[in-house]
Amino acid sequence: MDRTNLSNAISDNMAQDLGFGSDGISKGVMVYSVVFTLTTIPSNIIVNKAIRPHLYIPILMTAWALDLGSFLTARIGIAFFESGFIPACLVYLNAWYKTNELATRLACFWGVQAFASALSGVLASYIFRVSAAIGLQGWRQLFLVDGIFTLIIAVIALVYLPAQPASTKTSWLSQKEKKIAVLRVLRDDAMKKDQYKALTRTDVQDTVTDGNLYIHLLITFLGQMPAIPIHLYLPTIIKTYGFSTSQANLLAAPASMIGLVFSVWIASHADRHGQVALHGLFGTLWGLSGFMLLLLLPSASGRWLLYFATIFTASAPSWHGMQVAWMSSNLGPFGKRTLALAAVIGASNINSAPAAYIYQQEDEPRYHHGNVLCVGLHLTTAFLWLLQRTRYKRMNRQRQALWNRMTAQEQLVYLDTTADRGNHRLDHRYRL
């Protein structure tokens, strides 16, 4: 809730209270995304070398919950402390779950953020109604309440989170269950045995020279961009249809919940049946349909029809967790994976810099030009999903043909002597 409440604050005239318009909000979002992106990889290096994720996560939460200052200063501080949170969580979750379990868990992880957005809208509606009695602007009260909750949860997490499956409290798992928890993950992906080794220069070199990573980063960067402006201004857009501020915040809540349900269901289906790229394509086509609907509806349409089209567009299921799990399973060794996880989170936030300017003040209230751009972004993302799947399928076919031409003895010699690492090994097969 503390990470996603800016859109609610905007609908309560935060920008006007602070003396600037929507372009000032865009500047704050851009500054946040740039600082966030620049600090994701250094932050994950800290996780790998100095502070384990189970300690680093609550430390970061405490720091951003207490951040104070002017709007831009606060956004810079929050970006600095939030940047390591998600990459550290991804490294942490990788230690607990198998490849065919991770997409569902990551969908739940980001789905909770969608749930938080919905709950924040309900909470904001109540706070905005009672703010006059307290004598403090509603958006200030919203930040205060969410910050206090974050601080409490951070303290609980500090004593609650175990470092790894093998170190859980006896009341959680028996000694036999601890061994099972570790072995099931290592048997699924032997590269995870290196998860606590320090990063090396070779890991960095392998990461920056792997072309697969860059397509995943492009899918993240371009594919998530259309969701940013519509979610940032969702209560404000609904308000322009003739609803009050409190009504607009309540009416915005269903979008997050619908997206959450479909995101988790689609990711779970992908874990069970594979074909991650095709499942991700479904969410992209949903978003594409929504923005086209917004473009085609005439301005004279009734407010409930416009509301339905807006909610449908904002409800597009997130494929981000599923795509991160897909990328993670297809990159190795673990040092490269650690850096890649930080990079993909950076890509999912630096896109806020250009995305903050997709909806511009002169394009209000229907944002026609911005919606045209979002259609183009979704079409490009659909192409990238299919391109990456085609590349992986072709490489699998080529490697299988080479492997089949080797004798059993040659295969054993390769396994014992190869200098190939991670996903460049001849016996590695990419998930589709």
# chains A, B, ... in the order shown; residues from 1 in each chain; ligands from 1
$ select_by_dssp --residues "region 221-272 of chain A" --states "alpha helix (DSSP H)" --output "JSON, numbers by chain"
{"A": [221, 222, 223, 227, 228, 229, 230, 231, 232, 234, 235, 236, 237, 238, 239, 245, 246, 247, 248, 249, 250, 251, 252, 253, 254, 255, 256, 257, 258, 259, 260, 261, 262, 263, 264, 265, 266, 267, 268, 269, 270, 271, 272]}
$ closest_atom_pairs --of "region 55-119 of chain A" --to "region 312-326 of chain A" --cutoff "7 Å" --atoms "only C-alpha atoms" --output "Markdown table"
| residue | atom | partner | partner_atom | distance |
| --- | --- | --- | --- | --- |
| A:Leu102 | CA | A:Ala325 | CA | 5.9 |
| A:Ala103 | CA | A:Met322 | CA | 4.4 |
| A:Leu106 | CA | A:Gly321 | CA | 4.6 |
| A:Ala107 | CA | A:Gly321 | CA | 4.8 |
| A:Trp110 | CA | A:Gly321 | CA | 6.6 |
$ residues_around --residues "Pro165 (chain A)" --least-positions-apart "6" --cutoff "12 Å" --atoms "only C-alpha atoms" --output "ChimeraX atom specification"
/A:54,92-97,172-186
$ write_last_selection --atoms "N, CA and C atoms" --output "mmCIF file, in the first residue's frame"
data_model
loop_
_atom_site.group_PDB
_atom_site.id
_atom_site.type_symbol
_atom_site.label_atom_id
_atom_site.label_comp_id
_atom_site.auth_asym_id
_atom_site.auth_seq_id
_atom_site.Cartn_x
_atom_site.Cartn_y
_atom_site.Cartn_z
ATOM 1 N N HIS A 54 16.988 -12.034 3.980
ATOM 2 C CA HIS A 54 16.015 -12.061 5.080
ATOM 3 C C HIS A 54 16.235 -10.905 6.064
ATOM 4 N N TYR A 92 15.518 -14.239 -2.735
ATOM 5 C CA TYR A 92 15.034 -15.004 -1.578
ATOM 6 C C TYR A 92 14.072 -16.108 -2.012
ATOM 7 N N LEU A 93 13.105 -15.766 -2.863
ATOM 8 C CA LEU A 93 12.100 -16.748 -3.291
ATOM 9 C C LEU A 93 12.711 -17.833 -4.163
ATOM 10 N N ASN A 94 13.756 -17.490 -4.930
ATOM 11 C CA ASN A 94 14.435 -18.496 -5.757
ATOM 12 C C ASN A 94 15.004 -19.629 -4.929
ATOM 13 N N ALA A 95 15.353 -19.330 -3.675
ATOM 14 C CA ALA A 95 15.935 -20.354 -2.810
ATOM 15 C C ALA A 95 14.889 -21.326 -2.281
ATOM 16 N N TRP A 96 13.625 -20.985 -2.387
ATOM 17 C CA TRP A 96 12.557 -21.783 -1.772
ATOM 18 C C TRP A 96 11.730 -22.594 -2.764
ATOM 19 N N TYR A 97 11.672 -22.165 -4.028
ATOM 20 C CA TYR A 97 10.712 -22.775 -4.945
ATOM 21 C C TYR A 97 11.366 -23.331 -6.203
ATOM 22 N N TRP A 172 8.558 -24.789 12.541
ATOM 23 C CA TRP A 172 8.089 -24.734 11.163
ATOM 24 C C TRP A 172 8.245 -26.082 10.475
ATOM 25 N N LEU A 173 9.492 -26.567 10.438
ATOM 26 C CA LEU A 173 9.816 -27.787 9.702
ATOM 27 C C LEU A 173 10.649 -28.714 10.584
ATOM 28 N N SER A 174 10.432 -30.011 10.429
ATOM 29 C CA SER A 174 11.287 -30.991 11.096
ATOM 30 C C SER A 174 12.615 -31.064 10.348
ATOM 31 N N GLN A 175 13.595 -31.763 10.930
ATOM 32 C CA GLN A 175 14.892 -31.902 10.262
ATOM 33 C C GLN A 175 14.735 -32.602 8.912
ATOM 34 N N LYS A 176 13.866 -33.607 8.855
ATOM 35 C CA LYS A 176 13.634 -34.303 7.591
ATOM 36 C C LYS A 176 13.019 -33.365 6.559
ATOM 37 N N GLU A 177 12.067 -32.557 6.986
ATOM 38 C CA GLU A 177 11.401 -31.628 6.058
ATOM 39 C C GLU A 177 12.363 -30.558 5.566
ATOM 40 N N LYS A 178 13.302 -30.134 6.432
ATOM 41 C CA LYS A 178 14.306 -29.151 6.003
ATOM 42 C C LYS A 178 15.172 -29.720 4.877
ATOM 43 N N LYS A 179 15.577 -30.979 5.019
ATOM 44 C CA LYS A 179 16.383 -31.616 3.973
ATOM 45 C C LYS A 179 15.594 -31.714 2.668
ATOM 46 N N ILE A 180 14.322 -32.081 2.796
ATOM 47 C CA ILE A 180 13.470 -32.165 1.600
ATOM 48 C C ILE A 180 13.342 -30.795 0.937
ATOM 49 N N ALA A 181 13.147 -29.760 1.744
ATOM 50 C CA ALA A 181 12.974 -28.404 1.219
ATOM 51 C C ALA A 181 14.184 -27.953 0.421
ATOM 52 N N VAL A 182 15.382 -28.342 0.880
ATOM 53 C CA VAL A 182 16.619 -27.972 0.179
ATOM 54 C C VAL A 182 16.827 -28.836 -1.059
ATOM 55 N N LEU A 183 16.700 -30.163 -0.897
ATOM 56 C CA LEU A 183 17.010 -31.089 -1.986
ATOM 57 C C LEU A 183 16.053 -30.959 -3.158
ATOM 58 N N ARG A 184 14.781 -30.699 -2.886
ATOM 59 C CA ARG A 184 13.804 -30.589 -3.981
ATOM 60 C C ARG A 184 14.144 -29.432 -4.904
ATOM 61 N N VAL A 185 14.664 -28.351 -4.339
ATOM 62 C CA VAL A 185 15.039 -27.192 -5.141
ATOM 63 C C VAL A 185 16.323 -27.468 -5.923
ATOM 64 N N LEU A 186 17.315 -28.112 -5.277
ATOM 65 C CA LEU A 186 18.589 -28.383 -5.944
ATOM 66 C C LEU A 186 18.441 -29.435 -7.040
#
$ atom_distance --atom1 "CA of Ser352 (chain A)" --atom2 "CA of Val276 (chain A)"
24.9 Å
$ residues_around --residues "Arg75 (chain A)" --least-positions-apart "6" --cutoff "8 Å" --atoms "only C-alpha atoms" --output "PyMOL selection string"
chain A and resi 28-29+31-32
